[in-house]
$ cat coords_32.cif   # mmCIF, C-alpha atoms
data_structure
loop_
_atom_site.group_PDB
_atom_site.id
_atom_site.type_symbol
_atom_site.label_atom_id
_atom_site.label_comp_id
_atom_site.auth_asym_id
_atom_site.auth_seq_id
_atom_site.Cartn_x
_atom_site.Cartn_y
_atom_site.Cartn_z
ATOM 1 C CA MET F 3 269.087 132.348 250.715
ATOM 2 C CA LYS F 4 270.620 133.607 253.790
ATOM 3 C CA ILE F 5 272.240 130.975 255.900
ATOM 4 C CA ALA F 6 273.073 131.580 259.448
ATOM 5 C CA ARG F 7 273.797 134.346 261.802
ATOM 6 C CA ASP F 8 274.724 132.351 264.858
ATOM 7 C CA LEU F 9 277.672 130.229 263.822
ATOM 8 C CA SER F 10 279.685 131.483 266.771
ATOM 9 C CA ASP F 11 278.082 128.806 268.936
ATOM 10 C CA ASN F 12 279.109 126.168 266.434
ATOM 11 C CA ALA F 13 282.648 127.488 266.341
ATOM 12 C CA ARG F 14 282.942 127.404 270.115
ATOM 13 C CA SER F 15 281.921 123.769 270.099
ATOM 14 C CA LEU F 16 285.037 123.154 268.015
ATOM 15 C CA GLY F 17 287.108 125.093 270.494
ATOM 16 C CA GLY F 18 287.288 128.309 268.529
ATOM 17 C CA GLU F 19 285.825 131.762 268.508
ATOM 18 C CA ILE F 20 285.258 131.851 264.771
ATOM 19 C CA SER F 21 281.713 131.834 263.472
ATOM 20 C CA ALA F 22 280.308 131.716 259.992
ATOM 21 C CA LYS F 23 277.282 133.383 258.600
ATOM 22 C CA VAL F 24 276.668 131.429 255.411
ATOM 23 C CA SER F 25 273.535 132.859 253.818
ATOM 24 C CA ALA F 26 271.025 131.541 251.390
ATOM 25 C CA ALA F 27 270.296 128.126 249.986
ATOM 26 C CA GLY F 28 270.540 125.296 252.366
ATOM 27 C CA PHE F 29 269.506 121.901 253.432
ATOM 28 C CA ARG F 30 269.718 119.330 256.172
ATOM 29 C CA PRO F 31 271.830 116.220 255.568
ATOM 30 C CA SER F 32 269.932 113.050 256.370
ATOM 31 C CA ASN F 33 270.215 109.348 255.653
ATOM 32 C CA SER F 34 266.700 109.483 254.267
ATOM 33 C CA ALA F 35 267.256 112.632 252.242
ATOM 34 C CA PRO F 36 265.987 112.437 248.670
ATOM 35 C CA GLU F 37 267.917 113.169 245.513
ATOM 36 C CA ILE F 38 267.035 116.323 243.584
ATOM 37 C CA GLN F 39 264.967 115.679 240.490
ATOM 38 C CA SER F 40 266.813 117.975 238.099
ATOM 39 C CA GLU F 41 264.920 119.826 235.383
ATOM 40 C CA ARG F 42 267.962 121.458 233.798
ATOM 41 C CA PRO F 43 269.074 119.112 230.963
ATOM 42 C CA GLN F 44 266.757 120.726 228.394
ATOM 43 C CA SER F 45 267.839 124.217 229.402
ATOM 44 C CA THR F 46 270.505 126.268 227.667
ATOM 45 C CA SER F 47 273.532 127.469 229.609
ATOM 46 C CA LYS F 48 274.927 130.771 228.336
ATOM 47 C CA PHE F 49 277.093 133.748 229.229
ATOM 48 C CA VAL F 50 276.694 137.494 228.780
ATOM 49 C CA THR F 51 279.406 140.093 229.431
ATOM 50 C CA VAL F 52 278.328 143.295 231.169
ATOM 51 C CA ASP F 53 280.789 146.070 232.018
ATOM 52 C CA GLY F 54 283.651 143.599 231.651
ATOM 53 C CA THR F 55 282.005 141.037 233.937
ATOM 54 C CA ARG F 56 281.054 137.646 232.508
ATOM 55 C CA LEU F 57 277.721 136.469 233.905
ATOM 56 C CA HIS F 58 276.353 132.958 233.574
ATOM 57 C CA PHE F 59 272.666 132.203 233.157
ATOM 58 C CA VAL F 60 270.357 129.347 232.236
ATOM 59 C CA ILE F 61 267.472 130.035 229.872
ATOM 60 C CA ARG F 62 264.526 127.985 228.682
ATOM 61 C CA GLY F 63 260.984 128.329 227.409
ATOM 62 C CA ALA F 64 258.940 131.007 225.679
ATOM 63 C CA GLY F 65 256.329 133.499 226.774
ATOM 64 C CA ARG F 66 256.243 136.168 229.430
ATOM 65 C CA PRO F 67 259.767 136.370 230.906
ATOM 66 C CA VAL F 68 260.558 135.444 234.488
ATOM 67 C CA VAL F 69 263.977 136.219 235.965
ATOM 68 C CA LEU F 70 265.102 134.093 238.916
ATOM 69 C CA ILE F 71 267.628 135.419 241.452
ATOM 70 C CA HIS F 72 269.197 133.118 244.042
ATOM 71 C CA GLY F 73 270.304 133.897 247.581
ATOM 72 C CA ASN F 74 273.667 134.144 249.293
ATOM 73 C CA PRO F 75 275.495 131.939 248.591
ATOM 74 C CA GLY F 76 273.861 129.991 245.803
ATOM 75 C CA SER F 77 273.514 129.651 242.053
ATOM 76 C CA ALA F 78 270.948 129.122 239.323
ATOM 77 C CA GLN F 79 270.875 125.507 240.523
ATOM 78 C CA ASP F 80 268.781 126.621 243.481
ATOM 79 C CA TRP F 81 265.771 127.001 241.178
ATOM 80 C CA THR F 82 266.095 123.463 239.785
ATOM 81 C CA ARG F 83 262.738 122.198 241.027
ATOM 82 C CA VAL F 84 260.695 125.087 239.628
ATOM 83 C CA PHE F 85 262.630 125.847 236.460
ATOM 84 C CA GLY F 86 261.209 123.240 234.094
ATOM 85 C CA SER F 87 257.577 123.622 235.109
ATOM 86 C CA LEU F 88 257.828 127.408 234.970
ATOM 87 C CA ALA F 89 259.358 127.232 231.490
ATOM 88 C CA ALA F 90 256.260 125.450 230.180
ATOM 89 C CA ASN F 91 254.519 128.837 229.977
ATOM 90 C CA HIS F 92 257.308 131.381 230.382
ATOM 91 C CA LYS F 93 260.722 132.309 229.121
ATOM 92 C CA VAL F 94 262.727 131.629 232.278
ATOM 93 C CA ILE F 95 266.169 133.076 232.942
ATOM 94 C CA ALA F 96 268.059 132.032 236.080
ATOM 95 C CA PHE F 97 271.280 133.943 236.714
ATOM 96 C CA ASP F 98 274.318 133.098 238.782
ATOM 97 C CA ARG F 99 274.848 136.338 240.680
ATOM 98 C CA PRO F 100 278.305 137.982 240.376
ATOM 99 C CA GLY F 101 280.947 135.791 242.005
ATOM 100 C CA HIS F 102 278.581 132.854 242.462
ATOM 101 C CA GLY F 103 278.154 129.726 240.362
ATOM 102 C CA ARG F 104 279.943 130.301 237.059
ATOM 103 C CA SER F 105 279.656 134.097 237.039
ATOM 104 C CA GLU F 106 282.662 136.353 237.479
ATOM 105 C CA ARG F 107 283.070 138.921 240.214
ATOM 106 C CA PRO F 108 283.429 142.503 238.901
ATOM 107 C CA LYS F 109 287.083 143.492 238.723
ATOM 108 C CA HIS F 110 286.347 146.793 240.476
ATOM 109 C CA GLY F 111 285.145 144.794 243.477
ATOM 110 C CA ASP F 112 281.949 146.775 244.104
ATOM 111 C CA THR F 113 279.112 144.278 244.435
ATOM 112 C CA THR F 114 276.448 146.034 246.464
ATOM 113 C CA VAL F 115 272.813 145.225 245.808
ATOM 114 C CA GLU F 116 272.612 148.391 243.704
ATOM 115 C CA VAL F 117 275.559 147.362 241.535
ATOM 116 C CA GLN F 118 274.167 143.868 241.035
ATOM 117 C CA ALA F 119 270.797 145.352 240.059
ATOM 118 C CA ARG F 120 272.532 147.440 237.403
ATOM 119 C CA LEU F 121 274.479 144.449 236.078
ATOM 120 C CA LEU F 122 271.279 142.413 235.901
ATOM 121 C CA HIS F 123 269.457 145.240 234.148
ATOM 122 C CA ASP F 124 272.208 145.667 231.548
ATOM 123 C CA ALA F 125 272.382 141.909 231.002
ATOM 124 C CA LEU F 126 268.638 141.734 230.353
ATOM 125 C CA LYS F 127 268.958 144.645 227.940
ATOM 126 C CA GLN F 128 271.550 142.730 225.935
ATOM 127 C CA LEU F 129 269.315 139.674 225.916
ATOM 128 C CA HIS F 130 266.287 141.748 224.825
ATOM 129 C CA ILE F 131 264.301 140.635 227.870
ATOM 130 C CA GLU F 132 261.565 143.200 228.483
ATOM 131 C CA HIS F 133 259.225 143.731 231.451
ATOM 132 C CA PRO F 134 260.001 140.504 233.279
ATOM 133 C CA ILE F 135 258.583 139.216 236.506
ATOM 134 C CA VAL F 136 261.576 139.309 238.852
ATOM 135 C CA ALA F 137 261.651 136.555 241.478
ATOM 136 C CA GLY F 138 264.167 136.560 244.309
ATOM 137 C CA HIS F 139 264.933 134.114 247.089
ATOM 138 C CA SER F 140 266.408 135.314 250.404
ATOM 139 C CA TRP F 141 269.252 137.777 249.562
ATOM 140 C CA GLY F 142 267.904 137.693 246.021
ATOM 141 C CA GLY F 143 264.668 139.166 247.353
ATOM 142 C CA ALA F 144 266.513 142.355 248.259
ATOM 143 C CA LEU F 145 267.962 142.475 244.761
ATOM 144 C CA ALA F 146 264.508 142.002 243.225
ATOM 145 C CA LEU F 147 263.069 144.910 245.226
ATOM 146 C CA VAL F 148 266.003 147.212 244.495
ATOM 147 C CA TYR F 149 265.626 146.344 240.821
ATOM 148 C CA ALA F 150 261.934 147.266 240.913
ATOM 149 C CA ILE F 151 262.694 150.568 242.655
ATOM 150 C CA THR F 152 265.559 151.479 240.325
ATOM 151 C CA TYR F 153 263.817 150.455 237.094
ATOM 152 C CA PRO F 154 260.111 150.884 237.897
ATOM 153 C CA LYS F 155 258.959 150.957 234.280
ATOM 154 C CA GLU F 156 260.941 147.879 233.269
ATOM 155 C CA VAL F 157 259.493 145.223 235.559
ATOM 156 C CA SER F 158 255.968 143.794 235.516
ATOM 157 C CA GLY F 159 255.911 142.128 238.918
ATOM 158 C CA VAL F 160 257.988 140.930 241.862
ATOM 159 C CA ALA F 161 257.814 137.501 243.521
ATOM 160 C CA LEU F 162 259.688 137.098 246.795
ATOM 161 C CA VAL F 163 260.518 133.786 248.449
ATOM 162 C CA ALA F 164 261.694 133.793 252.090
ATOM 163 C CA PRO F 165 262.975 137.326 251.487
ATOM 164 C CA ALA F 166 265.762 139.027 253.443
ATOM 165 C CA VAL F 167 264.801 142.638 252.791
ATOM 166 C CA TYR F 168 265.313 144.477 256.082
ATOM 167 C CA GLU F 169 268.419 145.071 258.162
ATOM 168 C CA SER F 170 269.316 142.205 260.432
ATOM 169 C CA GLN F 171 270.016 142.859 264.084
ATOM 170 C CA ASP F 172 272.065 139.690 264.430
ATOM 171 C CA GLY F 173 275.793 140.009 265.015
ATOM 172 C CA VAL F 174 278.230 139.766 262.151
ATOM 173 C CA SER F 175 280.291 136.587 262.298
ATOM 174 C CA LEU F 176 284.034 136.413 261.801
ATOM 175 C CA LEU F 177 284.270 133.843 259.037
ATOM 176 C CA THR F 178 281.821 135.897 257.015
ATOM 177 C CA SER F 179 283.120 139.371 257.798
ATOM 178 C CA LEU F 180 286.890 138.901 257.818
ATOM 179 C CA PRO F 181 287.239 137.748 254.186
ATOM 180 C CA ALA F 182 285.637 141.044 253.161
ATOM 181 C CA VAL F 183 288.438 143.063 254.795
ATOM 182 C CA PRO F 184 291.000 144.233 252.200
ATOM 183 C CA VAL F 185 294.394 142.453 252.254
ATOM 184 C CA ILE F 186 294.000 140.918 255.719
ATOM 185 C CA GLY F 187 290.768 139.281 254.673
ATOM 186 C CA ASP F 188 292.405 137.379 251.847
ATOM 187 C CA ALA F 189 294.990 135.917 254.212
ATOM 188 C CA VAL F 190 292.374 134.978 256.803
ATOM 189 C CA ASN F 191 290.183 133.448 254.124
ATOM 190 C CA PHE F 192 293.087 131.399 252.762
ATOM 191 C CA VAL F 193 293.921 130.002 256.204
ATOM 192 C CA LEU F 194 290.493 129.527 257.775
ATOM 193 C CA THR F 195 288.353 128.358 254.880
ATOM 194 C CA PRO F 196 290.043 124.936 254.480
ATOM 195 C CA LEU F 197 289.865 124.367 258.246
ATOM 196 C CA PHE F 198 286.340 125.400 259.110
ATOM 197 C CA ALA F 199 284.166 126.065 256.063
ATOM 198 C CA ALA F 200 282.919 122.522 255.407
ATOM 199 C CA THR F 201 281.891 121.945 259.022
ATOM 200 C CA PHE F 202 280.136 125.280 259.299
ATOM 201 C CA VAL F 203 278.372 124.912 255.971
ATOM 202 C CA ARG F 204 277.054 121.466 256.915
ATOM 203 C CA ARG F 205 275.705 122.703 260.231
ATOM 204 C CA GLU F 206 274.107 125.808 258.829
ATOM 205 C CA LEU F 207 272.563 123.990 255.889
ATOM 206 C CA LYS F 208 270.609 121.937 258.383
ATOM 207 C CA LYS F 209 268.886 125.096 259.538
ATOM 208 C CA ALA F 210 268.161 126.315 256.036
ATOM 209 C CA PHE F 211 266.302 123.178 254.973
ATOM 210 C CA SER F 212 264.746 122.304 258.329
ATOM 211 C CA PRO F 213 262.245 120.791 258.951
ATOM 212 C CA ASP F 214 262.852 118.968 255.646
ATOM 213 C CA PRO F 215 265.892 116.839 254.782
ATOM 214 C CA VAL F 216 268.531 118.026 252.365
ATOM 215 C CA PRO F 217 268.740 116.341 248.956
ATOM 216 C CA LYS F 218 271.956 114.333 249.053
ATOM 217 C CA ASN F 219 273.274 115.382 245.666
ATOM 218 C CA TYR F 220 272.684 119.051 246.448
ATOM 219 C CA LEU F 221 274.682 118.757 249.645
ATOM 220 C CA ARG F 222 277.571 117.192 247.743
ATOM 221 C CA SER F 223 277.563 119.905 245.099
ATOM 222 C CA VAL F 224 277.399 122.868 247.478
ATOM 223 C CA LEU F 225 280.096 121.507 249.762
ATOM 224 C CA SER F 226 282.532 121.444 246.859
ATOM 225 C CA GLU F 227 281.396 124.882 245.693
ATOM 226 C CA TRP F 228 280.841 126.958 248.828
ATOM 227 C CA THR F 229 284.041 125.912 250.597
ATOM 228 C CA ARG F 230 286.301 127.460 247.961
ATOM 229 C CA SER F 231 288.099 130.606 249.048
ATOM 230 C CA LYS F 232 286.777 132.633 246.108
ATOM 231 C CA LYS F 233 283.195 131.677 246.894
ATOM 232 C CA VAL F 234 283.627 132.414 250.592
ATOM 233 C CA LYS F 235 284.903 135.867 249.699
ATOM 234 C CA ALA F 236 281.991 136.430 247.305
ATOM 235 C CA TYR F 237 279.273 135.724 249.846
ATOM 236 C CA SER F 238 281.252 137.538 252.546
ATOM 237 C CA LEU F 239 281.346 140.705 250.448
ATOM 238 C CA ASP F 240 277.655 140.362 249.623
ATOM 239 C CA GLU F 241 276.744 139.909 253.261
ATOM 240 C CA ALA F 242 278.987 142.741 254.445
ATOM 241 C CA SER F 243 277.331 145.248 252.119
ATOM 242 C CA LEU F 244 273.723 144.109 252.515
ATOM 243 C CA ASN F 245 272.631 146.032 255.614
ATOM 244 C CA ASP F 246 273.773 149.402 254.271
ATOM 245 C CA SER F 247 271.819 148.826 251.078
ATOM 246 C CA LEU F 248 268.716 147.685 252.949
ATOM 247 C CA LYS F 249 268.861 150.693 255.248
ATOM 248 C CA LYS F 250 268.819 152.966 252.219
ATOM 249 C CA PHE F 251 266.260 151.171 250.065
ATOM 250 C CA SER F 252 263.794 149.747 252.597
ATOM 251 C CA GLN F 253 262.368 153.224 253.122
ATOM 252 C CA ARG F 254 261.524 153.279 249.424
ATOM 253 C CA TYR F 255 259.643 149.980 249.230
ATOM 254 C CA PRO F 256 256.258 151.785 249.209
ATOM 255 C CA GLU F 257 257.292 153.341 245.878
ATOM 256 C CA ILE F 258 256.853 149.961 244.182
ATOM 257 C CA SER F 259 253.643 150.001 242.166
ATOM 258 C CA VAL F 260 253.799 146.658 240.347
ATOM 259 C CA PRO F 261 252.193 143.537 241.859
ATOM 260 C CA VAL F 262 254.256 141.968 244.639
ATOM 261 C CA SER F 263 253.795 138.498 246.109
ATOM 262 C CA ILE F 264 255.570 137.270 249.233
ATOM 263 C CA LEU F 265 256.026 133.607 250.132
ATOM 264 C CA ALA F 266 257.448 132.602 253.512
ATOM 265 C CA GLY F 267 257.674 129.615 255.823
ATOM 266 C CA ASP F 268 256.540 129.693 259.432
ATOM 267 C CA SER F 269 259.472 127.476 260.466
ATOM 268 C CA ASP F 270 262.252 129.434 258.757
ATOM 269 C CA LEU F 271 265.374 129.326 260.955
ATOM 270 C CA ILE F 272 267.386 131.605 258.667
ATOM 271 C CA VAL F 273 265.142 134.574 257.920
ATOM 272 C CA SER F 274 262.433 135.564 260.375
ATOM 273 C CA GLU F 275 259.073 135.385 258.637
ATOM 274 C CA LYS F 276 257.613 137.981 261.009
ATOM 275 C CA GLU F 277 260.538 140.413 260.859
ATOM 276 C CA GLN F 278 260.924 140.188 257.099
ATOM 277 C CA ALA F 279 257.930 138.906 255.097
ATOM 278 C CA GLU F 280 255.181 140.202 257.390
ATOM 279 C CA ARG F 281 256.925 143.534 257.873
ATOM 280 C CA LEU F 282 257.231 143.958 254.117
ATOM 281 C CA HIS F 283 253.578 143.057 253.646
ATOM 282 C CA LYS F 284 252.631 145.870 256.033
ATOM 283 C CA ALA F 285 254.819 148.290 254.060
ATOM 284 C CA LEU F 286 253.170 147.104 250.837
ATOM 285 C CA PRO F 287 249.518 146.622 251.822
ATOM 286 C CA LYS F 288 248.520 145.669 248.281
ATOM 287 C CA SER F 289 251.055 142.839 248.229
ATOM 288 C CA HIS F 290 249.969 139.215 248.514
ATOM 289 C CA LEU F 291 251.419 137.294 251.472
ATOM 290 C CA ILE F 292 251.368 133.522 251.871
ATOM 291 C CA VAL F 293 252.873 131.866 254.956
ATOM 292 C CA LEU F 294 253.376 128.128 254.547
ATOM 293 C CA PRO F 295 253.026 125.899 257.624
ATOM 294 C CA LYS F 296 255.842 123.565 258.664
ATOM 295 C CA THR F 297 258.108 125.116 256.039
ATOM 296 C CA GLY F 298 261.655 126.394 256.351
ATOM 297 C CA HIS F 299 263.900 128.653 254.312
ATOM 298 C CA GLN F 300 264.656 126.623 251.207
ATOM 299 C CA ILE F 301 261.176 126.868 249.722
ATOM 300 C CA PRO F 302 262.207 126.582 246.032
ATOM 301 C CA PHE F 303 263.278 123.001 246.800
ATOM 302 C CA THR F 304 260.822 121.939 249.469
ATOM 303 C CA ARG F 305 257.633 123.602 248.169
ATOM 304 C CA PRO F 306 258.176 124.166 244.428
ATOM 305 C CA GLN F 307 254.467 124.205 243.585
ATOM 306 C CA ALA F 308 253.923 127.045 246.048
ATOM 307 C CA VAL F 309 256.607 129.046 244.243
ATOM 308 C CA LEU F 310 254.980 128.364 240.879
ATOM 309 C CA ASP F 311 251.597 129.456 242.226
ATOM 310 C CA GLU F 312 253.128 132.598 243.719
ATOM 311 C CA ILE F 313 254.648 133.677 240.411
ATOM 312 C CA GLU F 314 251.289 133.269 238.712
ATOM 313 C CA ILE F 315 249.747 135.630 241.275
ATOM 314 C CA VAL F 316 251.812 138.599 240.086
ATOM 315 C CA GLN F 317 250.833 138.230 236.441
#

$ encode --input "coords_32.cif" --output "structure tokens"
Amino acid sequence: MKIARDLSDNARSLGGEISAKVSAAGFRPSNSAPEIQSERPQSTSKFVTVDGTRLHFVIRGAGRPVVLIHGNPGSAQDWTRVFGSLAANHKVIAFDRPGHGRSERPKHGDTTVEVQARLLHDALKQLHIEHPIVAGHSWGGALALVYAITYPKEVSGVALVAPAVYESQDGVSLLTSLPAVPVIGDAVNFVLTPLFAATFVRRELKKAFSPDPVPKNYLRSVLSEWTRSKKVKAYSLDEASLNDSLKKFSQRYPEISVPVSILAGDSDLIVSEKEQAERLHKALPKSHLIVLPKTGHQIPFTRPQAVLDEIEIVQ
């Protein structure tokens, strides 16, 4: 879920030059916003350690496995509205990506898309999960495609939701880029995050959920989570490394031979449906593309049935 590439305007309205590019899951606060109907209580929360990194995941159900990968920032929580229904016919595993949710960040600090694909692969090996459908939202869409390219014989299909899978031409914002700078970034993050993060996150979440309202309880939970210095650094590092990975791997997308479905919204203010989903569909002519009308970026929450239908397409 990639949130925001134009926070500089927001920062200037506060009298500063700092902008934030908070990617991935997001929603619009509203007095009429609904509460999320959680489907997680019957799920099992577990951990697996890969290469010294402790990764958190939620698992439920039986049948053909489906792996869910959230955006940037985000967590397994972002699949709440599809998880239970999907688990009725599948074994569903939703991971917190490294440094997000309850998962650790690798001690070596390298968290490129390629590294995260390897960690995910090794985690699934430990869990004896074979030939899953890999579903990715926003930043997680890039991870799903890199996984399919790197391990072509170990995935049965790819489902992409509002994917961010090509280099962005938007400028890099300070609040997102500076925390990724060694030494100096930590100091900047420590000082700026308490001052600006909550305001920027609120404003950018509006774009991510628009034109729908944000569920109130989700807004509360992400504000407490995404405004922590460690989390800001995690999504900053992910965002800083994304374009280089996409530049390298996007040329290889045509290598993917398994079924691919692409779901996008025509009103997405975070990831351009034409520059991302439609471009990918042209690169993968056998893929299945669905563009939802009056739909924004946070499709797993706003259009859960469409996500469920999309995953069935790749079976």

$ residues_around --input "coords_32.cif" --residues "Ile131 of chain F" --least-positions-apart "2" --cutoff "12 Å" --atoms "only C-alpha atoms" --output "PyMOL selection string"
chain F and resi 61+64-69+92-95+122-129+133-136+156-158

$ resolve_selection --input "coords_32.cif" --expression "the PyMOL selection byres ((chain F and resi 257-259) around 9)" --output "PyMOL selection string"
chain F and resi 147+150-151+154+159+253-256+260-262+286

$ write_last_selection --input "coords_32.cif" --atoms "C-alpha atoms" --output "PDB file, in the coordinates of the input"
ATOM      1  CA  LEU F 147     263.069 144.910 245.226  1.00  0.00           C
ATOM      2  CA  ALA F 150     261.934 147.266 240.913  1.00  0.00           C
ATOM      3  CA  ILE F 151     262.694 150.568 242.655  1.00  0.00           C
ATOM      4  CA  PRO F 154     260.111 150.884 237.897  1.00  0.00           C
ATOM      5  CA  GLY F 159     255.911 142.128 238.918  1.00  0.00           C
ATOM      6  CA  GLN F 253     262.368 153.224 253.122  1.00  0.00           C
ATOM      7  CA  ARG F 254     261.524 153.279 249.424  1.00  0.00           C
ATOM      8  CA  TYR F 255     259.643 149.980 249.230  1.00  0.00           C
ATOM      9  CA  PRO F 256     256.258 151.785 249.209  1.00  0.00           C
ATOM     10  CA  VAL F 260     253.799 146.658 240.347  1.00  0.00           C
ATOM     11  CA  PRO F 261     252.193 143.537 241.859  1.00  0.00           C
ATOM     12  CA  VAL F 262     254.256 141.968 244.639  1.00  0.00           C
ATOM     13  CA  LEU F 286     253.170 147.104 250.837  1.00  0.00           C
TER      14      LEU F 286
END

$ atom_distance --input "coords_32.cif" --atom1 "atom CA of Ala210 of chain F" --atom2 "atom CA of Ile272 of chain F"
6.0 Å

$ closest_residue --input "coords_32.cif" --among "F:Ser238, F:Gln278, F:Gln118, F:Thr297" --to "Ser105 of chain F" --atoms "only C-alpha atoms"
F:Gln118

$ axis_aligned_box --input "coords_32.cif" --around "segment 306-313 of chain F" --padding-each-side "6 Å" --output "AutoDock Vina command-line options"
--center_x 254.9 --center_y 128.9 --center_z 243.2 --size_x 18.6 --size_y 21.5 --size_z 17.6

$ closest_residue --input "coords_32.cif" --among "F:Leu70, F:Val167, F:Val224, F:Leu248" --to "Glu280 of chain F" --atoms "only C-alpha atoms"
F:Val167

$ atom_distance --input "coords_32.cif" --atom1 "atom CA of Val216 of chain F" --atom2 "atom CA of Leu88 of chain F"
22.5 Å

$ residues_around --input "coords_32.cif" --residues "Ser289 of chain F" --least-positions-apart "4" --cutoff "9 Å" --atoms "all atoms listed in the file" --output "list of chain:residue names"
F:Pro261, F:Val262, F:Ser263, F:Ile264, F:Leu282, F:His283, F:Lys284, F:Ala285

$ write_last_selection --input "coords_32.cif" --atoms "C-alpha atoms" --output "mmCIF file, in the coordinates of the input"
data_model
loop_
_atom_site.group_PDB
_atom_site.id
_atom_site.type_symbol
_atom_site.label_atom_id
_atom_site.label_comp_id
_atom_site.auth_asym_id
_atom_site.auth_seq_id
_atom_site.Cartn_x
_atom_site.Cartn_y
_atom_site.Cartn_z
ATOM 1 C CA PRO F 261 252.193 143.537 241.859
ATOM 2 C CA VAL F 262 254.256 141.968 244.639
ATOM 3 C CA SER F 263 253.795 138.498 246.109
ATOM 4 C CA ILE F 264 255.570 137.270 249.233
ATOM 5 C CA LEU F 282 257.231 143.958 254.117
ATOM 6 C CA HIS F 283 253.578 143.057 253.646
ATOM 7 C CA LYS F 284 252.631 145.870 256.033
ATOM 8 C CA ALA F 285 254.819 148.290 254.060
#

$ atom_distance --input "coords_32.cif" --atom1 "atom CA of Leu239 of chain F" --atom2 "atom CA of Gly298 of chain F"
25.0 Å

$ resolve_selection --input "coords_32.cif" --expression "the PyMOL selection byres ((chain F and resi 47-54) around 8)" --output "ChimeraX atom specification"
/F:45-46,55-61,108-109,121,124-125,128

$ closest_residue --input "coords_32.cif" --among "F:Ala96, F:Leu265, F:Val84, F:Leu310" --to "Pro165 of chain F" --atoms "all atoms listed in the file"
F:Leu265

$ resolve_selection --input "coords_32.cif" --expression "the PyMOL selection byres ((chain F and resi 72) around 12)" --output "JSON, numbers by chain"
{"F": [3, 4, 25, 26, 27, 28, 59, 69, 70, 71, 73, 74, 75, 76, 77, 78, 79, 80, 81, 82, 95, 96, 97, 98, 99, 100, 102, 103, 136, 137, 138, 139, 140, 141, 142, 143, 144, 145, 146, 162, 163, 164, 165, 166, 237, 300, 301, 302]}

$ closest_residue --input "coords_32.cif" --among "F:Lys208, F:Lys276, F:Pro213, F:Glu132" --to "Lys296 of chain F" --atoms "only C-alpha atoms"
F:Pro213

$ closest_residue --input "coords_32.cif" --among "F:Ser170, F:Ser243, F:Thr304, F:Ser269" --to "Asp112 of chain F" --atoms "all atoms listed in the file"
F:Ser243

$ decode --input "coords_32.cif" --residues "segment 60-73 of chain F" --atoms "N, CA and C atoms" --output "compact mmCIF listing (two decimals), in the first residue's frame"
# COMPACT_ATOMS: atom_id res chain seq x y z
N VAL F 60 -0.04 -14.70 10.47
CA VAL F 60 -1.34 -15.20 10.93
C VAL F 60 -1.77 -16.28 9.95
N ILE F 61 -2.22 -17.40 10.47
CA ILE F 61 -2.56 -18.54 9.60
C ILE F 61 -3.92 -19.11 9.99
N ARG F 62 -4.64 -19.56 8.98
CA ARG F 62 -5.98 -20.11 9.23
C ARG F 62 -6.44 -20.89 8.01
N GLY F 63 -7.25 -21.89 8.24
CA GLY F 63 -7.89 -22.62 7.15
C GLY F 63 -7.10 -23.81 6.65
N ALA F 64 -7.66 -24.47 5.65
CA ALA F 64 -7.03 -25.63 5.02
C ALA F 64 -7.35 -25.61 3.54
N GLY F 65 -6.51 -26.25 2.77
CA GLY F 65 -6.71 -26.28 1.32
C GLY F 65 -5.54 -25.65 0.60
N ARG F 66 -5.76 -25.27 -0.62
CA ARG F 66 -4.70 -24.67 -1.43
C ARG F 66 -4.19 -23.39 -0.75
N PRO F 67 -2.88 -23.27 -0.53
CA PRO F 67 -2.37 -22.13 0.24
C PRO F 67 -2.39 -20.81 -0.52
N VAL F 68 -2.70 -19.76 0.21
CA VAL F 68 -2.65 -18.40 -0.31
C VAL F 68 -1.83 -17.56 0.66
N VAL F 69 -0.81 -16.91 0.15
CA VAL F 69 0.05 -16.05 0.97
C VAL F 69 -0.30 -14.60 0.68
N LEU F 70 -0.55 -13.83 1.73
CA LEU F 70 -0.95 -12.44 1.60
C LEU F 70 0.18 -11.52 2.04
N ILE F 71 0.52 -10.54 1.19
CA ILE F 71 1.62 -9.62 1.47
C ILE F 71 1.09 -8.19 1.45
N HIS F 72 1.27 -7.49 2.55
CA HIS F 72 0.76 -6.12 2.67
C HIS F 72 1.69 -5.10 2.02
N GLY F 73 1.25 -3.85 2.03
CA GLY F 73 2.01 -2.77 1.40
C GLY F 73 2.99 -2.10 2.34
